[in-house]
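Asks: The file below is data-v4.cif, mmCIF, C-alpha atoms and all ligand atoms:
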```cif
data_data
#
loop_
_atom_site.label_atom_id
_atom_site.label_comp_id
_atom_site.auth_asym_id
_atom_site.auth_seq_id
_atom_site.Cartn_x
_atom_site.Cartn_y
_atom_site.Cartn_z
CA MET A 1 -25.62 15.58 -24.92
CA THR A 2 -24.29 17.80 -22.14
CA LEU A 3 -23.56 16.45 -18.68
CA PHE A 4 -23.03 18.67 -15.63
CA VAL A 5 -20.58 17.30 -13.08
CA THR A 6 -20.49 19.31 -9.87
CA GLY A 7 -17.48 18.97 -7.57
CA GLY A 8 -15.39 17.71 -10.49
CA ALA A 9 -12.18 19.26 -9.17
CA GLY A 10 -12.39 16.96 -6.14
CA PHE A 11 -11.32 13.36 -5.70
CA ILE A 12 -14.20 11.26 -7.06
CA GLY A 13 -15.65 13.93 -9.36
CA GLY A 14 -12.23 14.41 -10.98
CA ASN A 15 -11.80 10.67 -11.51
CA PHE A 16 -15.35 10.54 -12.89
CA ILE A 17 -14.65 13.28 -15.46
CA HIS A 18 -11.53 11.47 -16.72
CA TYR A 19 -13.49 8.22 -16.87
CA TYR A 20 -16.58 9.70 -18.54
CA LEU A 21 -14.76 11.59 -21.29
CA LYS A 22 -12.96 8.37 -22.24
CA GLN A 23 -16.13 6.26 -22.21
CA HIS A 24 -18.39 8.79 -23.95
CA PRO A 25 -16.20 10.84 -26.32
CA ASP A 26 -19.28 12.32 -28.05
CA ASP A 27 -20.78 13.81 -24.89
CA ARG A 28 -19.89 17.24 -23.50
CA VAL A 29 -18.92 17.54 -19.86
CA VAL A 30 -19.21 20.79 -17.94
CA CYS A 31 -17.55 20.77 -14.53
CA LEU A 32 -19.05 23.09 -11.90
CA ASP A 33 -16.75 23.59 -8.92
CA LYS A 34 -16.27 26.29 -6.29
CA LEU A 35 -12.61 25.28 -5.81
CA THR A 36 -12.75 25.06 -2.03
CA TYR A 37 -9.65 23.83 -0.19
CA ALA A 38 -10.57 20.33 -1.51
CA GLY A 39 -10.84 21.33 -5.16
CA ASN A 40 -7.70 21.16 -7.29
CA ILE A 41 -7.81 22.51 -10.78
CA SER A 42 -4.59 20.58 -11.52
CA THR A 43 -6.63 17.37 -11.20
CA LEU A 44 -8.38 18.44 -14.40
CA SER A 45 -5.31 19.61 -16.34
CA PRO A 46 -5.26 16.41 -18.50
CA VAL A 47 -8.69 17.36 -19.94
CA MET A 48 -8.53 21.16 -19.94
CA ASP A 49 -7.74 21.27 -23.67
CA ASN A 50 -10.40 18.72 -24.61
CA PRO A 51 -12.99 20.58 -26.76
CA LYS A 52 -15.72 18.45 -25.14
CA PHE A 53 -14.83 19.80 -21.69
CA ARG A 54 -15.59 23.09 -19.96
CA PHE A 55 -14.68 24.19 -16.43
CA VAL A 56 -16.80 26.76 -14.59
CA LYS A 57 -15.82 28.10 -11.17
CA ILE A 58 -19.15 28.38 -9.40
CA ASP A 59 -20.78 27.79 -6.02
CA ILE A 60 -23.74 25.38 -6.22
CA CYS A 61 -25.45 27.51 -3.54
CA ASP A 62 -25.38 30.56 -5.86
CA ARG A 63 -28.88 30.26 -7.28
CA LYS A 64 -28.61 33.12 -9.76
CA ALA A 65 -25.33 31.91 -11.26
CA ILE A 66 -26.52 28.30 -11.38
CA TYR A 67 -29.76 29.24 -13.18
CA LYS A 68 -27.78 31.31 -15.68
CA LEU A 69 -25.49 28.37 -16.45
CA PHE A 70 -28.44 25.97 -16.86
CA GLU A 71 -30.06 28.41 -19.26
CA GLU A 72 -26.84 28.68 -21.26
CA GLU A 73 -25.91 24.98 -21.35
CA THR A 74 -29.24 23.09 -20.99
CA PRO A 75 -27.68 19.93 -19.52
CA ALA A 76 -29.45 16.59 -20.01
CA ILE A 77 -27.89 14.98 -16.92
CA VAL A 78 -26.58 16.44 -13.66
CA VAL A 79 -24.31 14.38 -11.42
CA ASN A 80 -23.84 16.07 -8.05
CA PHE A 81 -20.52 15.27 -6.36
CA ALA A 82 -20.08 18.76 -4.88
CA ALA A 83 -19.96 18.53 -1.11
CA GLU A 84 -18.02 19.19 2.01
CA SER A 85 -16.81 15.62 2.49
CA HIS A 86 -14.54 15.32 5.53
CA VAL A 87 -16.09 13.99 8.75
CA ASP A 88 -13.43 15.56 11.02
CA ARG A 89 -14.03 19.02 9.54
CA SER A 90 -17.79 18.59 10.05
CA ILE A 91 -17.18 17.93 13.74
CA GLU A 92 -15.24 21.23 13.99
CA ASN A 93 -17.65 23.33 11.92
CA PRO A 94 -20.96 21.81 10.78
CA GLU A 95 -22.51 24.90 9.18
CA ILE A 96 -20.82 24.85 5.77
CA PHE A 97 -21.81 21.16 5.50
CA LEU A 98 -25.47 22.03 5.84
CA GLN A 99 -25.13 24.90 3.37
CA THR A 100 -23.34 23.09 0.57
CA ASN A 101 -24.60 19.56 1.05
CA ILE A 102 -28.29 20.34 1.63
CA LEU A 103 -29.00 23.84 0.30
CA GLY A 104 -26.65 23.43 -2.66
CA THR A 105 -28.48 20.23 -3.59
CA GLN A 106 -31.77 22.11 -3.41
CA VAL A 107 -30.53 24.87 -5.74
CA LEU A 108 -29.37 22.29 -8.31
CA MET A 109 -32.68 20.43 -8.20
CA ASP A 110 -34.67 23.69 -8.48
CA ALA A 111 -32.63 24.51 -11.58
CA CYS A 112 -33.39 21.03 -12.95
CA ARG A 113 -37.10 21.62 -12.42
CA LYS A 114 -37.01 25.07 -13.99
CA TYR A 115 -35.01 24.18 -17.11
CA GLY A 116 -35.92 20.49 -17.47
CA ILE A 117 -33.64 17.49 -17.09
CA GLN A 118 -33.39 13.83 -18.14
CA ARG A 119 -31.71 12.77 -14.92
CA TYR A 120 -30.50 14.29 -11.67
CA HIS A 121 -28.07 11.97 -9.87
CA GLN A 122 -27.09 12.48 -6.24
CA VAL A 123 -23.77 11.00 -5.15
CA SER A 124 -24.40 9.95 -1.56
CA THR A 125 -22.62 7.79 0.96
CA ASP A 126 -23.00 4.63 3.05
CA GLU A 127 -22.49 6.86 6.10
CA VAL A 128 -26.20 7.79 5.99
CA TYR A 129 -26.92 4.32 7.43
CA GLY A 130 -24.83 4.98 10.55
CA ASP A 131 -22.63 2.09 11.62
CA LEU A 132 -22.74 -1.66 12.26
CA PRO A 133 -21.39 -3.47 15.34
CA LEU A 134 -18.02 -5.24 15.04
CA ASP A 135 -19.41 -8.47 16.50
CA ARG A 136 -22.12 -8.94 13.82
CA PRO A 137 -20.20 -9.68 10.59
CA ASP A 138 -23.46 -11.07 9.16
CA LEU A 139 -25.01 -7.56 8.98
CA PHE A 140 -24.72 -5.32 5.89
CA PHE A 141 -26.28 -2.04 4.73
CA THR A 142 -29.03 -2.61 2.18
CA GLU A 143 -31.07 0.15 0.50
CA GLU A 144 -33.79 -0.60 3.10
CA THR A 145 -31.53 -0.03 6.11
CA PRO A 146 -32.96 2.93 8.07
CA ILE A 147 -31.11 6.23 7.96
CA GLN A 148 -29.37 6.77 11.30
CA THR A 149 -26.51 9.22 11.06
CA SER A 150 -23.61 9.87 13.43
CA SER A 151 -21.75 13.00 12.29
CA PRO A 152 -22.80 16.42 11.01
CA TYR A 153 -21.33 15.32 7.65
CA SER A 154 -23.45 12.17 7.37
CA SER A 155 -26.52 14.03 8.65
CA SER A 156 -26.10 16.64 5.94
CA LYS A 157 -25.77 13.92 3.28
CA ALA A 158 -28.86 12.15 4.65
CA GLY A 159 -30.77 15.46 4.65
CA ALA A 160 -29.89 15.92 0.99
CA ASP A 161 -30.97 12.36 0.15
CA LEU A 162 -34.36 12.91 1.79
CA LEU A 163 -34.80 16.12 -0.18
CA VAL A 164 -33.88 14.35 -3.44
CA MET A 165 -36.54 11.68 -2.82
CA ALA A 166 -39.06 14.40 -1.88
CA TYR A 167 -38.39 16.23 -5.17
CA HIS A 168 -39.02 12.98 -6.99
CA ARG A 169 -42.30 12.26 -5.24
CA THR A 170 -43.63 15.83 -5.12
CA TYR A 171 -42.38 17.28 -8.41
CA ASP A 172 -41.72 14.09 -10.36
CA LEU A 173 -38.05 15.03 -10.80
CA PRO A 174 -36.25 12.09 -12.48
CA VAL A 175 -33.69 11.32 -9.79
CA THR A 176 -31.37 8.51 -8.74
CA ILE A 177 -29.13 8.20 -5.68
CA SER A 178 -25.98 6.11 -5.19
CA ARG A 179 -24.64 5.34 -1.72
CA CYS A 180 -21.05 4.19 -1.93
CA SER A 181 -18.56 2.96 0.64
CA ASN A 182 -15.07 4.46 1.18
CA ASN A 183 -13.20 5.18 -2.06
CA TYR A 184 -9.44 5.23 -2.58
CA GLY A 185 -7.22 5.94 -5.58
CA PRO A 186 -5.51 8.84 -7.44
CA TYR A 187 -6.26 12.50 -6.61
CA HIS A 188 -7.47 11.67 -3.07
CA PHE A 189 -6.98 14.69 -0.82
CA PRO A 190 -4.34 13.91 1.83
CA GLU A 191 -6.61 14.70 4.81
CA LYS A 192 -8.29 11.28 4.34
CA LEU A 193 -6.89 8.07 5.86
CA ILE A 194 -5.13 6.36 2.92
CA PRO A 195 -3.45 9.37 1.25
CA LEU A 196 -2.59 10.90 4.63
CA MET A 197 -0.81 7.72 5.70
CA ILE A 198 1.04 7.46 2.36
CA VAL A 199 2.19 11.09 2.45
CA ASN A 200 3.22 10.95 6.14
CA SER A 201 5.06 7.64 5.64
CA LEU A 202 7.05 9.13 2.78
CA ALA A 203 8.13 11.96 5.10
CA ASP A 204 8.82 9.53 8.00
CA LYS A 205 6.21 11.43 10.03
CA PRO A 206 3.99 9.81 12.74
CA LEU A 207 0.94 7.96 11.38
CA PRO A 208 -1.99 9.17 13.54
CA LEU A 209 -4.39 6.28 14.06
CA TYR A 210 -7.60 7.18 15.89
CA GLY A 211 -8.16 5.09 19.05
CA GLU A 212 -7.30 1.41 18.73
CA GLY A 213 -7.57 1.50 14.93
CA LEU A 214 -10.11 -1.34 14.95
CA ASN A 215 -12.81 0.55 13.01
CA VAL A 216 -13.75 -1.15 9.77
CA ARG A 217 -14.28 0.53 6.40
CA ASP A 218 -15.38 -1.14 3.14
CA TRP A 219 -12.86 0.11 0.53
CA LEU A 220 -13.62 0.49 -3.18
CA TYR A 221 -11.23 1.59 -5.93
CA VAL A 222 -12.50 4.91 -7.27
CA ALA A 223 -12.73 3.77 -10.93
CA ASP A 224 -15.22 1.08 -9.86
CA HIS A 225 -17.39 3.77 -8.25
CA CYS A 226 -17.19 5.87 -11.45
CA ARG A 227 -18.35 2.90 -13.53
CA ALA A 228 -21.27 2.31 -11.14
CA ILE A 229 -22.44 5.93 -11.48
CA ASP A 230 -22.10 5.78 -15.28
CA LEU A 231 -24.35 2.69 -15.29
CA ILE A 232 -26.90 4.21 -12.92
CA ILE A 233 -27.32 7.47 -14.86
CA HIS A 234 -27.83 5.60 -18.14
CA GLU A 235 -29.57 2.39 -17.10
CA GLY A 236 -30.71 2.82 -13.50
CA ARG A 237 -34.39 3.16 -12.67
CA VAL A 238 -35.69 6.63 -11.85
CA GLY A 239 -36.57 7.13 -8.18
CA GLU A 240 -34.22 4.35 -7.03
CA ILE A 241 -31.35 4.21 -4.57
CA TYR A 242 -28.35 1.99 -5.37
CA ASN A 243 -25.76 0.89 -2.80
CA VAL A 244 -22.23 0.59 -4.22
CA GLY A 245 -19.50 -1.42 -2.50
CA GLY A 246 -17.18 -4.32 -3.16
CA HIS A 247 -17.19 -6.47 0.01
CA ASN A 248 -13.74 -5.33 1.00
CA GLU A 249 -13.88 -4.67 4.71
CA MET A 250 -10.63 -3.79 6.44
CA LYS A 251 -9.60 -2.51 9.86
CA ASN A 252 -7.85 0.87 9.82
CA ILE A 253 -4.81 -0.57 11.57
CA ASP A 254 -4.38 -3.24 8.89
CA ILE A 255 -4.55 -0.60 6.13
CA VAL A 256 -1.87 1.48 7.82
CA LYS A 257 0.38 -1.54 8.41
CA LEU A 258 -0.01 -2.49 4.75
CA ILE A 259 1.02 1.01 3.63
CA CYS A 260 4.11 0.80 5.91
CA LYS A 261 4.97 -2.57 4.38
CA GLU A 262 4.54 -1.39 0.78
CA LEU A 263 6.71 1.69 1.40
CA GLY A 264 9.32 -0.17 3.49
CA LYS A 265 8.62 1.98 6.56
CA PRO A 266 8.66 0.75 10.21
CA GLU A 267 5.34 0.17 11.98
CA SER A 268 6.81 2.18 14.87
CA LEU A 269 5.63 5.27 12.92
CA ILE A 270 2.05 4.29 13.86
CA THR A 271 0.88 6.55 16.69
CA HIS A 272 -2.42 5.90 18.46
CA VAL A 273 -4.11 9.25 19.07
CA THR A 274 -7.39 10.47 20.62
CA ASP A 275 -10.37 8.88 18.90
CA ARG A 276 -12.75 10.75 16.56
CA LYS A 277 -15.90 11.92 18.40
CA GLY A 278 -18.89 9.68 17.56
CA HIS A 279 -16.57 7.43 15.51
CA ASP A 280 -18.54 4.91 13.41
CA MET A 281 -17.34 1.35 14.05
CA ARG A 282 -18.06 -0.54 10.87
CA TYR A 283 -19.39 0.12 7.37
CA ALA A 284 -20.30 -2.76 5.08
CA ILE A 285 -22.35 -2.50 1.89
CA ASP A 286 -24.63 -5.14 0.40
CA PRO A 287 -24.34 -4.41 -3.37
CA THR A 288 -26.85 -7.09 -4.47
CA LYS A 289 -29.29 -4.61 -6.04
CA ILE A 290 -26.81 -2.90 -8.38
CA HIS A 291 -25.34 -6.28 -9.28
CA ASN A 292 -28.70 -7.87 -10.09
CA GLU A 293 -30.22 -4.87 -11.89
CA LEU A 294 -27.23 -3.37 -13.68
CA GLY A 295 -24.67 -6.19 -13.70
CA TRP A 296 -22.16 -4.08 -11.76
CA LEU A 297 -19.27 -5.78 -9.96
CA PRO A 298 -16.02 -4.24 -8.75
CA GLU A 299 -13.07 -4.94 -11.06
CA THR A 300 -10.08 -3.85 -8.97
CA LYS A 301 -8.98 -6.06 -6.08
CA PHE A 302 -7.72 -4.19 -3.02
CA GLU A 303 -4.21 -5.73 -3.26
CA ASP A 304 -3.87 -4.28 -6.78
CA GLY A 305 -5.70 -1.02 -6.11
CA ILE A 306 -3.58 -0.07 -3.12
CA LYS A 307 -0.37 -0.77 -5.08
CA LYS A 308 -1.63 1.36 -8.00
CA THR A 309 -2.58 4.12 -5.56
CA ILE A 310 0.79 4.16 -3.80
CA LYS A 311 2.54 4.18 -7.18
CA TRP A 312 0.39 7.14 -8.25
CA TYR A 313 1.38 9.13 -5.14
CA LEU A 314 5.05 8.31 -5.76
CA GLU A 315 4.79 9.46 -9.37
CA HIS A 316 2.69 12.60 -8.71
CA ARG A 317 4.56 14.24 -5.89
CA GLU A 318 3.99 17.71 -7.31
CA TRP A 319 0.19 17.22 -7.05
CA TRP A 320 0.18 16.54 -3.31
CA GLU A 321 3.29 18.51 -2.35
CA THR A 322 1.55 21.68 -3.55
CA ILE A 323 -1.45 20.82 -1.39
CA ILE A 324 0.45 20.04 1.78
CA SER A 325 2.67 23.11 1.50
CA GLY A 326 -0.27 25.54 1.70
CA GLU A 327 -3.30 25.98 3.93
CA TYR A 328 -3.15 22.26 4.71
CA GLN A 329 -0.31 22.95 7.19
CA ASN A 330 -2.65 25.04 9.39
CA TYR A 331 -5.33 22.37 9.14
CA TYR A 332 -2.86 19.64 10.12
CA GLU A 333 -1.61 21.58 13.13
CA LYS A 334 -5.17 22.32 14.26
CA MET A 335 -6.46 18.75 13.88
CA TYR A 336 -3.43 16.74 14.99
CA GLY A 337 -1.36 19.23 17.08
CA ASN A 338 -3.70 18.86 20.08
CA ARG A 339 -4.68 15.24 19.53
CA GLU A 340 -3.16 13.40 22.47
CA ARG A 341 -0.97 10.40 21.89
CA VAL A 342 -2.85 7.62 23.71
CA ARG A 343 -0.11 5.01 23.67
P1 LIG A 401 -13.83 16.07 -2.21
O1 LIG A 401 -13.89 16.81 -0.91
O2 LIG A 401 -12.53 15.50 -2.66
O3 LIG A 401 -14.35 17.02 -3.38
C1 LIG A 401 -15.46 17.86 -3.24
C2 LIG A 401 -15.45 18.87 -4.39
O4 LIG A 401 -16.63 19.67 -4.29
C3 LIG A 401 -14.25 19.83 -4.38
O5 LIG A 401 -13.70 19.96 -5.66
C4 LIG A 401 -14.85 21.15 -3.93
O6 LIG A 401 -14.17 22.30 -4.43
C5 LIG A 401 -16.27 21.03 -4.47
N1 LIG A 401 -17.23 21.87 -3.73
C6 LIG A 401 -17.39 21.95 -2.39
N2 LIG A 401 -18.35 22.84 -2.10
C7 LIG A 401 -18.82 23.32 -3.28
C8 LIG A 401 -19.83 24.25 -3.64
N3 LIG A 401 -20.55 24.89 -2.70
N4 LIG A 401 -20.06 24.49 -4.94
C9 LIG A 401 -19.34 23.86 -5.90
N5 LIG A 401 -18.36 22.99 -5.63
C10 LIG A 401 -18.11 22.71 -4.33
O7 LIG A 401 -14.94 14.95 -2.10
P2 LIG A 401 -14.96 13.44 -2.69
O8 LIG A 401 -14.28 12.55 -1.74
O9 LIG A 401 -14.55 13.50 -4.10
O10 LIG A 401 -16.52 13.14 -2.62
C11 LIG A 401 -17.39 13.49 -3.69
C12 LIG A 401 -18.80 13.10 -3.32
O11 LIG A 401 -18.86 11.70 -3.07
C13 LIG A 401 -19.31 13.78 -2.06
O12 LIG A 401 -20.66 14.11 -2.26
C14 LIG A 401 -19.19 12.72 -0.98
O13 LIG A 401 -20.16 12.89 0.01
C15 LIG A 401 -19.42 11.45 -1.78
N6 LIG A 401 -18.75 10.23 -1.28
C16 LIG A 401 -17.41 10.21 -1.04
C17 LIG A 401 -16.82 9.01 -0.63
C18 LIG A 401 -15.33 8.93 -0.38
O14 LIG A 401 -14.85 7.87 0.06
N7 LIG A 401 -14.54 9.97 -0.63
C19 LIG A 401 -17.57 7.85 -0.49
C20 LIG A 401 -18.96 7.92 -0.76
C21 LIG A 401 -19.53 9.11 -1.17
O1 LIG A 402 -5.80 10.59 10.53
C1 LIG A 402 -6.71 9.74 10.50
N1 LIG A 402 -6.62 8.65 11.32
C2 LIG A 402 -7.59 7.69 11.38
O2 LIG A 402 -7.47 6.72 12.15
C3 LIG A 402 -7.84 9.85 9.62
C4 LIG A 402 -7.99 11.01 8.69
C5 LIG A 402 -8.81 8.85 9.67
N2 LIG A 402 -8.71 7.82 10.55
C6 LIG A 402 -9.77 6.78 10.57
C7 LIG A 402 -11.18 7.32 10.72
C8 LIG A 402 -12.01 6.32 9.93
O3 LIG A 402 -12.33 5.21 10.75
O4 LIG A 402 -9.75 6.14 9.29
C9 LIG A 402 -11.07 5.84 8.83
C10 LIG A 402 -11.31 6.52 7.49
O5 LIG A 402 -11.36 7.93 7.75
P1 LIG A 402 -11.61 8.98 6.57
O6 LIG A 402 -10.58 8.77 5.52
O7 LIG A 402 -11.73 10.33 7.20
O8 LIG A 402 -12.99 8.47 5.96
P2 LIG A 402 -14.45 8.24 6.60
O9 LIG A 402 -14.63 9.02 7.84
O10 LIG A 402 -14.65 6.76 6.68
O11 LIG A 402 -15.37 8.89 5.45
C11 LIG A 402 -15.08 8.63 4.06
O12 LIG A 402 -15.92 7.64 3.52
C12 LIG A 402 -17.27 7.95 3.32
C13 LIG A 402 -15.19 9.91 3.23
O13 LIG A 402 -14.34 10.93 3.77
C14 LIG A 402 -16.62 10.38 3.15
O14 LIG A 402 -16.73 11.54 2.33
C15 LIG A 402 -17.46 9.26 2.58
O15 LIG A 402 -18.81 9.62 2.59
#
```
For this file, produce the structure as structure tokens.
Replies:
Amino acid sequence: MTLFVTGGAGFIGGNFIHYYLKQHPDDRVVCLDKLTYAGNISTLSPVMDNPKFRFVKIDICDRKAIYKLFEEETPAIVVNFAAESHVDRSIENPEIFLQTNILGTQVLMDACRKYGIQRYHQVSTDEVYGDLPLDRPDLFFTEETPIQTSSPYSSSKAGADLLVMAYHRTYDLPVTISRCSNNYGPYHFPEKLIPLMIVNSLADKPLPLYGEGLNVRDWLYVADHCRAIDLIIHEGRVGEIYNVGGHNEMKNIDIVKLICKELGKPESLITHVTDRKGHDMRYAIDPTKIHNELGWLPETKFEDGIKKTIKWYLEHREWWETIISGEYQNYYEKMYGNRERVR
């Protein structure tokens, strides 16, 4: 059986490929990735020599090339991780988000229709539900929560989700969607909160916290997300959406303080800067459906996961030092150079 994993040189897709090849040694995995700024081929170096693995540099929006690869490989399952994934970048330049996240999804599903497929799985996000107020801890996102997006990123992911469900209803495409909360773990690109704070702490650089730092995210260790997707593609019901999250809500400021503590750095490095535009206050997933239907529960507690993650960054300096020495420097200057210190 051949599985296509798009966006496999990125954070979650890369972790998923490592996970999947271990769990299903008889299956073949083909990774399709454009290698944008967020894609790192070095993330896949541990599997490059595996005869069950193939890497193809390809843009999911390139219809001709995608059709050719489907014809050649005839995948049974497609798992689509490929996306522009950073909210701050989407605020600066929404267009590429619409192209990759919506039109790229369409190209993949058209290829699935043309060449046949057992399952198309769309990796989506809890951000499609918008946000929850801080003073209503009783509220959670369920699969029935209406879509109400805040950023160009989340709107593009929601647009893709709607298209996926339309392809199911109209063309009977066998689809599933997972909507997961914030992931953390190895190979996380250092523009996102946790790796950025680890990398800056190690260099004794300011830790830029947006606004008061009271926004809440529901953190899940990436391997738990990979296991959820593996279950959904093999045992999940066609046409269904599954929320994935581990009831681990934390304020940004508490995460950053914890990273300072773990690395023995002073909290005085924390610098409150101008808030993100349209900043979502709180995300919180209700994972009852995936638990009841597929028996999924998170296995890694945050206290352990964050320690493992920090250890990984300490032991894999070359992975992130290469990233932050390149184009990332221009990005950092652009995004944080003009962000005012607010206190
Ligand atoms: P990432 O930015 O680390 O990786 C994205 C990957 O997609 C990169 O390797 C990039 O090169 C590739 N890519 C981008 N455009 C492409 C294109 N046009 N064609 C082919 N490849 C392309 O993202 P991530 O954090 O690993 O997220 C993966 C998926 O999971 C995304 O769909 C995202 O919306 C979703 N998600 C992420 C989180 C999270 O916390 N990171 C949570 C829930 C859902
Ligand atoms: O420098 C920063 N300072 C800061 O305070 C950065 C990069 C972030 N933040 C805040 C903004 C958010 O409240 O930290 C929180 C987390 O930010 P991100 O790491 O950018 O993640 P988020 O915006 O929550 O989105 C993530 O989770 C859902 C992923 O990037 C998405 O791809 C996923 O869909």
Asks: Would you pick out the contacts of range 122-134 of chain A at 8 Å or less, using all atoms listed in the file, so that residues sharing its chain but fewer than 5 positions from it are not included, and give the list as a PyMOL selection string?
Replies: chain A and resi 79-81+139-141+145-150+154-155+157-158+161+164+175-181+216+243+280-285
Asks: Report as a PyMOL selection string which protein, DNA and RNA residues come within 9 Å of ligand LIG 402 (chain A), using all atoms listed in the file.
Replies: chain A and resi 83-88+124-128+153-154+157+179-184+190-197+207-219+251-253+256+272-273+275-276+279-283+335-336
Asks: What gap, in Å, lies between CA of Leu220 in chain A and atom N6 of ligand LIG 401 (chain A)?
Replies: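 Rounded to one decimal, the two atoms are 11.2 Å apart.
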Asks: Nearest to ligand LIG 401 (chain A) among A:Leu163, A:Ile12, A:Ile198, A:Met109, with distances taken over all atoms listed in the file: which residue is it?
Replies: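 Between A:Leu163, A:Ile12, A:Ile198, A:Met109, the residue approaching ligand LIG 401 (chain A) most closely is A:Ile12.
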Asks: List the neighbours of Phe70 in chain A out to 9 Å using only C-alpha atoms; skip same-chain residues closer than 3 positions along the sequence, and give me the result as a list of chain:residue names.
Replies: A:Ala65, A:Ile66, A:Tyr67, A:Glu73, A:Thr74, A:Pro75, A:Ala111, A:Cys112, A:Tyr115
Asks: Could you state the separation of CA of Asn93 in chain A and CA of Ala160 in chain A in Å, given to one decimal place?
Replies: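 Straight-line distance from CA of Asn93 in chain A to CA of Ala160 in chain A works out to 18.0 Å.
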Asks: Could you write out as JSON the box around ligand LIG 401 (chain A) (axis-aligned, all atoms listed in the file, 4 Å on each side), with centre and edge lengths in Å to one decimal?
Replies:
```
{"center_x": -16.6, "center_y": 16.4, "center_z": -2.9, "size_x": 16.1, "size_y": 25.0, "size_z": 14.0}
```
Asks: What does the distance between CA of Phe11 in chain A and atom P1 of ligand LIG 401 (chain A) come to in Å, to one decimal place?
Replies: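 Between CA of Phe11 in chain A and atom P1 of ligand LIG 401 (chain A) the gap works out to 5.1 Å.
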Asks: Skip range 39-54 of chain A itself and residues of its chain fewer than 2 positions away, then list as a PyMOL selection string all residues within 9 Å of it, counting all atoms listed in the file.
Replies: chain A and resi 7-11+14-15+17-18+21+25-37+56+187+189+319+323
Asks: Limited to C-alpha atoms, could you put the picked residues into a file as a PDB file, keeping the file's coordinate frame?
Replies:
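Output below, filename selection.pdb:
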```pdb
ATOM      1  CA  GLY A   7     -17.480  18.970  -7.570  1.00  0.00           C
ATOM      2  CA  GLY A   8     -15.390  17.710 -10.490  1.00  0.00           C
ATOM      3  CA  ALA A   9     -12.180  19.260  -9.170  1.00  0.00           C
ATOM      4  CA  GLY A  10     -12.390  16.960  -6.140  1.00  0.00           C
ATOM      5  CA  PHE A  11     -11.320  13.360  -5.700  1.00  0.00           C
ATOM      6  CA  GLY A  14     -12.230  14.410 -10.980  1.00  0.00           C
ATOM      7  CA  ASN A  15     -11.800  10.670 -11.510  1.00  0.00           C
ATOM      8  CA  ILE A  17     -14.650  13.280 -15.460  1.00  0.00           C
ATOM      9  CA  HIS A  18     -11.530  11.470 -16.720  1.00  0.00           C
ATOM     10  CA  LEU A  21     -14.760  11.590 -21.290  1.00  0.00           C
ATOM     11  CA  PRO A  25     -16.200  10.840 -26.320  1.00  0.00           C
ATOM     12  CA  ASP A  26     -19.280  12.320 -28.050  1.00  0.00           C
ATOM     13  CA  ASP A  27     -20.780  13.810 -24.890  1.00  0.00           C
ATOM     14  CA  ARG A  28     -19.890  17.240 -23.500  1.00  0.00           C
ATOM     15  CA  VAL A  29     -18.920  17.540 -19.860  1.00  0.00           C
ATOM     16  CA  VAL A  30     -19.210  20.790 -17.940  1.00  0.00           C
ATOM     17  CA  CYS A  31     -17.550  20.770 -14.530  1.00  0.00           C
ATOM     18  CA  LEU A  32     -19.050  23.090 -11.900  1.00  0.00           C
ATOM     19  CA  ASP A  33     -16.750  23.590  -8.920  1.00  0.00           C
ATOM     20  CA  LYS A  34     -16.270  26.290  -6.290  1.00  0.00           C
ATOM     21  CA  LEU A  35     -12.610  25.280  -5.810  1.00  0.00           C
ATOM     22  CA  THR A  36     -12.750  25.060  -2.030  1.00  0.00           C
ATOM     23  CA  TYR A  37      -9.650  23.830  -0.190  1.00  0.00           C
ATOM     24  CA  VAL A  56     -16.800  26.760 -14.590  1.00  0.00           C
ATOM     25  CA  TYR A 187      -6.260  12.500  -6.610  1.00  0.00           C
ATOM     26  CA  PHE A 189      -6.980  14.690  -0.820  1.00  0.00           C
ATOM     27  CA  TRP A 319       0.190  17.220  -7.050  1.00  0.00           C
ATOM     28  CA  ILE A 323      -1.450  20.820  -1.390  1.00  0.00           C
TER      29      ILE A 323
END
```
Asks: Would you mind telling me which residue in A:Glu333, A:Val78, A:Gly185, A:Ile91 lies nearest to ligand LIG 401 (chain A) when using all atoms listed in the file?
Replies: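 Of A:Glu333, A:Val78, A:Gly185, A:Ile91, the one nearest ligand LIG 401 (chain A), counting all atoms listed in the file, is A:Gly185.
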Asks: Select, from A:Lys301, A:Lys289, A:Lys68, A:His234, the residue with the minimum atom-to-atom distance to Gln118 in chain A, counting all atoms listed in the file.
Replies: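 With all atoms listed in the file as the atom set, the closest residue is A:His234.
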Asks: Which one is closest to ligand LIG 401 (chain A): A:Lys114, A:Lys22, A:Arg119, A:His188? Count only C-alpha atoms and all ligand atoms.
Replies: A:His188
Asks: Let me make sure I understand: among A:Gln23, A:Asn338, A:Asn248, A:Ser156, which one has the smallest atom-to-atom distance to ligand LIG 401 (chain A) if we use all atoms listed in the file?
Replies: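 Nearest to ligand LIG 401 (chain A): A:Ser156.
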Asks: For each of A:Ala76, A:Val5, A:Ile270, A:Leu173, take the minimum atom-to-atom distance to ligand LIG 401 (chain A), counting all atoms listed in the file, then give the residue where this is smallest.
Replies: A:Val5
Asks: Can you tell me, as a tab-separated table (two decimals) with C-alpha atoms, in the frame of the given file, what residues are no more than 10 Å from Arg227 in chain A when counting only C-alpha atoms, ignoring any on the same chain fewer than 6 positions away?
Replies:
```
chain	number	residue	atom	x	y	z
A	16	PHE	CA	-15.35	10.54	-12.89
A	19	TYR	CA	-13.49	8.22	-16.87
A	20	TYR	CA	-16.58	9.70	-18.54
A	23	GLN	CA	-16.13	6.26	-22.21
A	296	TRP	CA	-22.16	-4.08	-11.76
A	297	LEU	CA	-19.27	-5.78	-9.96
A	298	PRO	CA	-16.02	-4.24	-8.75
A	299	GLU	CA	-13.07	-4.94	-11.06
```
